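Structure data follow from my_file-v2.tsv (TSV, C-alpha atoms and all ligand atoms):
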chain	number	residue	atom	x	y	z
C	1271	MET	CA	-10.09	-6.13	-2.87
C	1272	LEU	CA	-6.94	-4.98	-4.67
C	1273	VAL	CA	-3.56	-5.21	-2.92
C	1274	THR	CA	-0.47	-3.82	-4.65
C	1275	GLY	CA	3.18	-4.21	-3.77
C	1276	PHE	CA	6.24	-2.75	-5.46
C	1277	GLU	CA	9.25	-4.03	-7.33
C	1278	PRO	CA	12.68	-3.61	-5.67
C	1279	PHE	CA	14.26	-0.16	-5.75
C	1280	GLY	CA	17.15	1.88	-4.39
C	1281	GLY	CA	19.83	-0.81	-4.61
C	1282	ASP	CA	17.87	-3.61	-2.94
C	1283	ASP	CA	17.15	-6.70	-4.99
C	1284	GLU	CA	14.04	-7.78	-3.07
C	1285	ASN	CA	10.94	-5.95	-1.88
C	1286	PRO	CA	8.78	-7.80	0.66
C	1287	THR	CA	5.66	-6.08	-0.61
C	1288	SER	CA	5.86	-7.82	-4.01
C	1289	ILE	CA	6.12	-11.15	-2.18
C	1290	ILE	CA	3.08	-10.28	-0.04
C	1291	ALA	CA	1.00	-9.00	-2.97
C	1292	ASN	CA	1.77	-12.11	-5.02
C	1293	GLY	CA	1.09	-14.37	-2.03
C	1294	MET	CA	-2.26	-12.74	-1.32
C	1295	ASN	CA	-3.37	-12.97	-4.95
C	1296	GLY	CA	-6.36	-15.29	-5.38
C	1297	ARG	CA	-7.18	-15.70	-1.67
C	1298	VAL	CA	-10.82	-15.38	-0.75
C	1299	MET	CA	-11.64	-13.64	2.53
C	1300	ASN	CA	-15.12	-12.85	3.87
C	1301	GLY	CA	-16.35	-14.00	0.47
C	1302	VAL	CA	-14.19	-11.38	-1.27
C	1303	GLU	CA	-11.45	-12.26	-3.72
C	1304	ILE	CA	-8.08	-10.60	-3.16
C	1305	VAL	CA	-6.27	-9.52	-6.32
C	1306	GLY	CA	-2.55	-9.00	-5.66
C	1307	ARG	CA	-0.40	-7.14	-8.19
C	1308	VAL	CA	3.13	-5.71	-8.27
C	1309	LEU	CA	3.65	-2.12	-9.45
C	1310	PRO	CA	6.82	-0.81	-11.08
C	1311	VAL	CA	8.86	1.80	-9.21
C	1312	SER	CA	8.16	4.22	-12.06
C	1313	TYR	CA	5.94	7.30	-11.86
C	1314	VAL	CA	4.64	6.91	-15.41
C	1315	ARG	CA	4.15	3.14	-15.42
C	1316	ALA	CA	2.84	2.84	-11.83
C	1317	LYS	CA	0.23	5.49	-12.52
C	1318	SER	CA	-1.10	3.84	-15.68
C	1319	SER	CA	-0.95	0.32	-14.13
C	1320	LEU	CA	-2.84	1.41	-11.03
C	1321	ILE	CA	-5.49	3.27	-12.99
C	1322	ASP	CA	-5.94	0.27	-15.32
C	1323	LEU	CA	-6.21	-2.10	-12.35
C	1324	LEU	CA	-8.76	0.05	-10.53
C	1325	HIS	CA	-10.84	0.51	-13.67
C	1326	SER	CA	-10.80	-3.14	-14.69
C	1327	ILE	CA	-11.19	-4.78	-11.26
C	1328	LYS	CA	-13.41	-2.07	-9.70
C	1329	PRO	CA	-12.47	-3.19	-6.18
C	1330	ASP	CA	-14.39	-2.02	-3.14
C	1331	VAL	CA	-11.10	-1.79	-1.27
C	1332	TYR	CA	-7.63	-0.81	-2.41
C	1333	VAL	CA	-4.65	-1.28	-0.10
C	1334	GLY	CA	-1.21	-0.29	-1.40
C	1335	LEU	CA	1.92	-1.72	0.21
C	1336	GLY	CA	5.47	-0.44	0.09
C	1337	LEU	CA	8.84	-0.96	1.70
C	1338	ALA	CA	10.23	1.70	4.05
C	1339	PRO	CA	13.87	0.65	4.54
C	1340	GLY	CA	14.96	1.07	8.18
C	1341	SER	CA	11.46	1.18	9.62
C	1342	THR	CA	10.79	-0.98	12.64
C	1343	GLY	CA	7.18	-2.08	12.20
C	1344	VAL	CA	4.09	-1.81	10.05
C	1345	ALA	CA	3.09	1.82	9.43
C	1346	VAL	CA	-0.53	2.47	8.44
C	1347	GLU	CA	-0.46	5.74	6.54
C	1348	LYS	CA	-3.05	8.46	7.25
C	1349	VAL	CA	-2.16	11.11	4.66
C	1350	ALA	CA	-1.13	11.27	1.00
C	1351	LEU	CA	0.39	14.56	-0.19
C	1352	ASN	CA	0.06	16.01	-3.70
C	1353	ILE	CA	3.81	16.14	-4.22
C	1354	ALA	CA	6.37	13.88	-5.85
C	1355	ARG	CA	10.11	13.93	-5.33
C	1356	GLY	CA	12.90	11.48	-6.11
C	1357	ARG	CA	14.38	9.48	-9.00
C	1358	ASP	CA	12.50	6.33	-9.99
C	1359	ASN	CA	13.77	3.07	-11.51
C	1360	ASP	CA	13.26	4.51	-15.02
C	1361	GLY	CA	15.50	7.48	-14.22
C	1362	ASP	CA	12.62	9.97	-14.05
C	1363	ASP	CA	13.45	12.55	-11.41
C	1364	MET	CA	10.61	14.49	-9.78
C	1365	ASP	CA	11.48	17.66	-7.91
C	1366	ASP	CA	8.51	18.59	-5.73
C	1367	GLU	CA	6.02	18.30	-8.58
C	1368	PRO	CA	2.27	17.94	-8.07
C	1369	ILE	CA	0.94	14.44	-8.68
C	1370	ILE	CA	-2.36	15.83	-9.99
C	1371	GLU	CA	-2.02	19.41	-11.25
C	1372	ASP	CA	-5.36	20.65	-9.91
C	1373	GLY	CA	-5.71	18.12	-7.06
C	1374	PRO	CA	-6.05	19.03	-3.37
C	1375	ALA	CA	-2.88	19.30	-1.28
C	1376	ALA	CA	-3.67	16.04	0.50
C	1377	TYR	CA	-6.09	13.17	0.83
C	1378	PHE	CA	-6.73	11.27	4.04
C	1379	SER	CA	-6.75	7.49	3.99
C	1380	THR	CA	-10.27	6.09	4.08
C	1381	LEU	CA	-9.13	2.90	5.78
C	1382	PRO	CA	-10.04	2.61	9.49
C	1383	VAL	CA	-6.44	3.49	10.36
C	1384	ARG	CA	-6.67	3.55	14.14
C	1385	SER	CA	-8.69	0.37	14.57
C	1386	LEU	CA	-6.45	-1.32	12.04
C	1387	VAL	CA	-3.35	-0.44	14.07
C	1388	GLU	CA	-5.08	-1.70	17.22
C	1389	ALA	CA	-6.07	-4.95	15.49
C	1390	LEU	CA	-2.51	-5.50	14.27
C	1391	ARG	CA	-1.10	-4.86	17.72
C	1392	SER	CA	-3.62	-7.25	19.28
C	1393	ALA	CA	-2.37	-9.88	16.84
C	1394	GLY	CA	1.19	-9.35	18.17
C	1395	ILE	CA	2.37	-7.27	15.21
C	1396	PRO	CA	4.34	-4.05	15.87
C	1397	ALA	CA	2.28	-1.35	14.15
C	1398	ARG	CA	1.77	2.41	14.29
C	1399	GLU	CA	-0.17	5.19	12.64
C	1400	SER	CA	1.97	7.29	10.32
C	1401	TYR	CA	1.25	10.83	9.17
C	1402	HIS	CA	3.74	10.96	6.32
C	1403	ALA	CA	4.12	8.41	3.52
C	1404	GLY	CA	7.11	10.26	2.07
C	1405	THR	CA	7.21	11.92	-1.35
C	1406	TYR	CA	8.23	8.94	-3.48
C	1407	LEU	CA	6.28	6.20	-5.28
C	1408	CYS	CA	4.36	5.02	-2.20
C	1409	ASN	CA	2.88	8.42	-1.47
C	1410	TYR	CA	2.32	8.75	-5.23
C	1411	VAL	CA	0.17	5.61	-5.62
C	1412	MET	CA	-1.62	6.32	-2.33
C	1413	TYR	CA	-2.56	9.77	-3.63
C	1414	ILE	CA	-3.69	8.40	-7.00
C	1415	GLY	CA	-5.75	5.64	-5.35
C	1416	LEU	CA	-7.46	8.13	-3.05
C	1417	ARG	CA	-7.97	10.58	-5.92
C	1418	ILE	CA	-9.77	7.95	-7.97
C	1419	ALA	CA	-11.81	6.91	-4.94
C	1420	ALA	CA	-12.81	10.55	-4.31
C	1421	VAL	CA	-13.67	11.39	-7.90
C	1422	GLU	CA	-15.16	8.10	-9.10
C	1423	GLY	CA	-16.51	6.50	-5.88
C	1424	VAL	CA	-14.71	3.22	-6.61
C	1425	PRO	CA	-12.84	1.96	-4.64
C	1426	ARG	CA	-15.04	2.72	-1.68
C	1427	VAL	CA	-12.05	2.76	0.65
C	1428	ALA	CA	-8.35	3.09	-0.06
C	1429	GLY	CA	-5.12	3.51	1.82
C	1430	PHE	CA	-1.53	2.50	2.18
C	1431	MET	CA	0.75	0.58	4.53
C	1432	HIS	CA	4.54	0.68	4.78
C	1433	PHE	CA	6.52	-2.40	5.81
C	1434	PRO	CA	10.09	-2.85	7.00
C	1435	TYR	CA	12.54	-5.18	5.29
C	1436	HIS	CA	11.76	-8.87	5.61
C	1437	SER	CA	14.03	-10.76	8.00
C	1438	GLU	CA	14.70	-13.48	5.42
C	1439	TYR	CA	16.31	-10.85	3.15
C	1440	ILE	CA	18.21	-9.05	5.88
C	1441	SER	CA	19.73	-12.27	7.26
C	1442	LYS	CA	20.73	-13.32	3.72
C	1443	ARG	CA	22.24	-9.88	3.07
C	1444	GLY	CA	24.29	-10.18	6.24
C	1445	SER	CA	23.38	-6.83	7.78
C	1446	ALA	CA	21.37	-5.99	10.87
C	1447	SER	CA	18.67	-3.60	9.67
C	1448	PRO	CA	15.29	-3.68	11.43
C	1449	SER	CA	13.01	-6.28	9.86
C	1450	LEU	CA	9.95	-8.47	10.30
C	1451	PRO	CA	9.52	-12.06	9.13
C	1452	LEU	CA	7.40	-12.58	6.04
C	1453	SER	CA	4.97	-14.74	8.05
C	1454	MET	CA	4.18	-11.71	10.24
C	1455	MET	CA	3.75	-9.52	7.19
C	1456	PHE	CA	1.29	-12.00	5.68
C	1457	ASN	CA	-0.60	-12.06	9.00
C	1458	SER	CA	-0.76	-8.26	8.88
C	1459	LEU	CA	-2.42	-8.41	5.49
C	1460	ILE	CA	-4.87	-11.08	6.56
C	1461	ARG	CA	-5.83	-9.07	9.66
C	1462	THR	CA	-6.05	-5.93	7.53
C	1463	ALA	CA	-8.37	-7.59	5.02
C	1464	GLU	CA	-10.59	-8.87	7.85
C	1465	VAL	CA	-10.78	-5.50	9.62
C	1466	VAL	CA	-11.33	-3.48	6.46
C	1467	LEU	CA	-13.91	-5.78	4.93
C	1468	GLU	CA	-15.81	-5.94	8.22
C	1469	SER	CA	-15.74	-2.15	8.56
C	1470	LEU	CA	-17.47	-1.47	5.26
C	1471	VAL	CA	-20.85	0.11	5.78
C	1472	GLY	CA	-23.74	-2.26	5.21
C	1473	ASN	CA	-21.20	-5.09	5.05
C	1474	PRO	CA	-22.52	-7.00	2.04
C	1475	TYR	CA	-19.75	-9.56	2.47
C	1476	LYS	CA	-21.00	-11.11	5.70
C	1477	ALA	CA	-24.37	-11.67	4.06
C	1478	ASN	CA	-22.71	-13.75	1.37
C	1479	GLN	CA	-21.00	-16.12	3.75
C	1501	LIG	N1	8.80	1.93	-1.26
C	1501	LIG	C1	9.04	3.22	-1.87
C	1501	LIG	C2	8.60	3.08	-3.29
C	1501	LIG	C3	8.49	1.63	-3.55
C	1501	LIG	C4	8.52	1.01	-2.20
C	1501	LIG	O1	8.31	-0.20	-1.94
C	1501	LIG	C5	8.37	4.35	-1.10
C	1501	LIG	O2	8.25	4.27	0.13
C	1501	LIG	O3	7.96	5.34	-1.70

In structure tokens, what does this structure look like?
Amino acid sequence: MLVTGFEPFGGDDENPTSIIANGMNGRVMNGVEIVGRVLPVSYVRAKSSLIDLLHSIKPDVYVGLGLAPGSTGVAVEKVALNIARGRDNDGDDMDDEPIIEDGPAAYFSTLPVRSLVEALRSAGIPARESYHAGTYLCNYVMYIGLRIAAVEGVPRVAGFMHFPYHSEYISKRGSASPSLPLSMMFNSLIRTAEVVLESLVGNPYKANQ
């Protein structure tokens, strides 16, 4: 299972999703190793890194993570749009450009979005389904992950989750933006890995336990 986070962007000097991806790296769950990696906030470099990771690791599951500043809980994304807009950390500025020239307008997440949200809520984590991952790098890598899944069949399932700021950063920064503690974010990922791995058809993982 591949989990990616992102580097900081937009004036922030921390991104909780890089902390989560690094912290999840090397864990074994349901007999499956989690590989955690951090992607650059760069259209060109994130695309090539993600494609390289998916081709070299060949994960059954790919879950991308990103920060949505100001959001109040975990958002499990349902849709990735074939559109990119916004200036990245390299200074590349997309203006409503297609991510894949001849790709479909959208891909739906192949994660079990609703049951995942329910599982997170049952674990005491504020979570919701989201129908719009934005038009920036998060939507971009979600679209590319789902495109590769659709065209190549690996990963078998892919999707994306947005997180708020982490409380440790917000308290240090001295502002009062909505946030969740890192411990809760880690729990979200652990619950997510459990739910997703258990939902895979034919569940080969249980058999290995
Ligand atoms: N969030 C941005 C890009 C990187 C990140 O963590 C987004 O929502 O697109």

| query | With distances taken over only C-alpha atoms and all ligand atoms, which of C:Pro1374, C:Gly1306, C:Gly1404, C:Gly1334 is nearest to ligand LIG 1501 (chain C)? | reply |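 Smallest distance to ligand LIG 1501 (chain C) is found for C:Gly1404.
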
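With all atoms listed in the file counted, the chains near ligand LIG 1501 (chain C) contribute these residues within 8 Å: C:Gly1275, C:Phe1276, C:Glu1277, C:Pro1278, C:Phe1279, C:Asn1285, C:Thr1287, C:Val1311, C:Leu1335, C:Gly1336, C:Leu1337, C:Ala1338, C:Pro1339, C:Ala1403, C:Gly1404, C:Thr1405, C:Tyr1406, C:Leu1407, C:Cys1408, C:Asn1409, C:Tyr1410, C:His1432.
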
| said: If I take CA of Gly1280 in chain C and CA of Ile1370 in chain C, how far is one from the other in Å, to one decimal? | reply: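 According to the coordinates, CA of Gly1280 in chain C and CA of Ile1370 in chain C are separated by 24.6 Å.
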
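Distances to Asp1282 in chain C were evaluated for C:Val1466, C:Tyr1439, C:Glu1367, C:Ser1449 using only C-alpha atoms, and the minimum falls at C:Tyr1439.
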
| said: Between CA of Ser1445 in chain C and CA of Gly1394 in chain C, what distance in Å does the model show, to one decimal? | reply: 24.6 Å

| message | From the options C:Ile1327, C:Thr1380, C:Ala1428, C:Gly1343, which residue's atoms come nearest to Val1411 in chain C, counting all atoms listed in the file? | response |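 Residue with the minimum atom-to-atom distance to Val1411 in chain C: C:Ala1428.
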
| query | Within 9 Å of (15.2, -3.4, 12.1), in the coordinates the file gives, what residues turn up when you count only C-alpha atoms, written out as a PyMOL selection string? | reply | chain C and resi 1339-1343+1434-1435+1437+1440+1446-1450

| task | Tell me which protein, DNA and RNA residues are within 10 Å of Arg1315 in chain C, counting only C-alpha atoms, leaving out same-chain ones fewer than 6 positions away, and put them as a VMD selection string. | result | chain C and resid 1309 1321 1360

Using the selection just defined, write its residues with C-alpha atoms as a compact mmCIF listing (two decimals), in the frame of the given file.
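Result went into out14.txt, see below:
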# COMPACT_ATOMS: atom_id res chain seq x y z
CA LEU C 1309 3.65 -2.12 -9.45
CA ILE C 1321 -5.49 3.27 -12.99
CA ASP C 1360 13.26 4.51 -15.02

| Spatial neighbours of range 1289-1300 of chain C, max dist 6 Å, all atoms listed in the file, sep filter under 4 positions, as an MDAnalysis selection string | chainID C and resid 1273:1275 1304:1307 1475

| request: Compare C:Pro1310, C:Ile1414, C:Thr1462, C:Asp1283 by their minimum atom-to-atom distance to Arg1391 in chain C, counting only C-alpha atoms, and give me the closest one. | output: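 So, comparing all the options, the nearest one is C:Thr1462.
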
| request: Figure out the distance between CA of Pro1425 in chain C and CA of Leu1272 in chain C, please, to one decimal in Å. | output: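 If I compute the distance from CA of Leu1272 in chain C to CA of Pro1425 in chain C, I get 9.1 Å.
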
Do you know which residues are at most 9 Å from Val1427 in chain C counting all atoms listed in the file, after dropping those on the same chain fewer than 3 positions away, and could you put them as a PDB file with C-alpha atoms, in the frame of the given file?
ATOM      1  CA  ASP C1330     -14.390  -2.020  -3.140  1.00  0.00           C
ATOM      2  CA  VAL C1331     -11.100  -1.790  -1.270  1.00  0.00           C
ATOM      3  CA  TYR C1332      -7.630  -0.810  -2.410  1.00  0.00           C
ATOM      4  CA  VAL C1333      -4.650  -1.280  -0.100  1.00  0.00           C
ATOM      5  CA  SER C1379      -6.750   7.490   3.990  1.00  0.00           C
ATOM      6  CA  THR C1380     -10.270   6.090   4.080  1.00  0.00           C
ATOM      7  CA  LEU C1381      -9.130   2.900   5.780  1.00  0.00           C
ATOM      8  CA  LEU C1416      -7.460   8.130  -3.050  1.00  0.00           C
ATOM      9  CA  ALA C1419     -11.810   6.910  -4.940  1.00  0.00           C
ATOM     10  CA  GLY C1423     -16.510   6.500  -5.880  1.00  0.00           C
ATOM     11  CA  VAL C1424     -14.710   3.220  -6.610  1.00  0.00           C
ATOM     12  CA  VAL C1466     -11.330  -3.480   6.460  1.00  0.00           C
ATOM     13  CA  LEU C1470     -17.470  -1.470   5.260  1.00  0.00           C
TER      14      LEU C1470
END

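Residue nearest Ile1353 in chain C, chosen from C:His1402, C:Lys1442, C:Arg1384, C:Arg1461 and counting all atoms listed in the file: C:His1402.
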
| Which residue out of C:His1436, C:Ser1400, C:Ser1312, C:Asp1322 has the minimum interatomic distance to Arg1355 in chain C when only C-alpha atoms are used? | C:Ser1312

| request: Quick one: everything within 7 Å of Met1412 in chain C, counting all atoms listed in the file, minus sequence neighbours fewer than 5 positions away in the same chain. Send it as a list in words. | output: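 The filter keeps Gly1334, Ala1350, Gly1429 and Phe1430 of chain C.
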
I need the chosen residues saved as a PDB file, in the coordinates of the input, with C-alpha atoms.
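Output contents, as saved in out09.pdb:
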ATOM      1  CA  GLY C1334      -1.210  -0.290  -1.400  1.00  0.00           C
ATOM      2  CA  ALA C1350      -1.130  11.270   1.000  1.00  0.00           C
ATOM      3  CA  GLY C1429      -5.120   3.510   1.820  1.00  0.00           C
ATOM      4  CA  PHE C1430      -1.530   2.500   2.180  1.00  0.00           C
TER       5      PHE C1430
END

| message | Can you pull out the residues contacting range 1457-1460 of chain C? Cut-off 9 Å, using all atoms listed in the file, and skip same-chain residues under 2 positions away; I want them as JSON, numbers by chain. | response | {"C": [1290, 1294, 1299, 1344, 1390, 1393, 1395, 1452, 1453, 1454, 1455, 1462, 1463, 1464, 1465]}

Residues just named, written with C-alpha atoms as a compact mmCIF listing (two decimals), in the coordinates of the input:
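Written output follows (again15.txt):
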# COMPACT_ATOMS: atom_id res chain seq x y z
CA ILE C 1290 3.08 -10.28 -0.04
CA MET C 1294 -2.26 -12.74 -1.32
CA MET C 1299 -11.64 -13.64 2.53
CA VAL C 1344 4.09 -1.81 10.05
CA LEU C 1390 -2.51 -5.50 14.27
CA ALA C 1393 -2.37 -9.88 16.84
CA ILE C 1395 2.37 -7.27 15.21
CA LEU C 1452 7.40 -12.58 6.04
CA SER C 1453 4.97 -14.74 8.05
CA MET C 1454 4.18 -11.71 10.24
CA MET C 1455 3.75 -9.52 7.19
CA THR C 1462 -6.05 -5.93 7.53
CA ALA C 1463 -8.37 -7.59 5.02
CA GLU C 1464 -10.59 -8.87 7.85
CA VAL C 1465 -10.78 -5.50 9.62
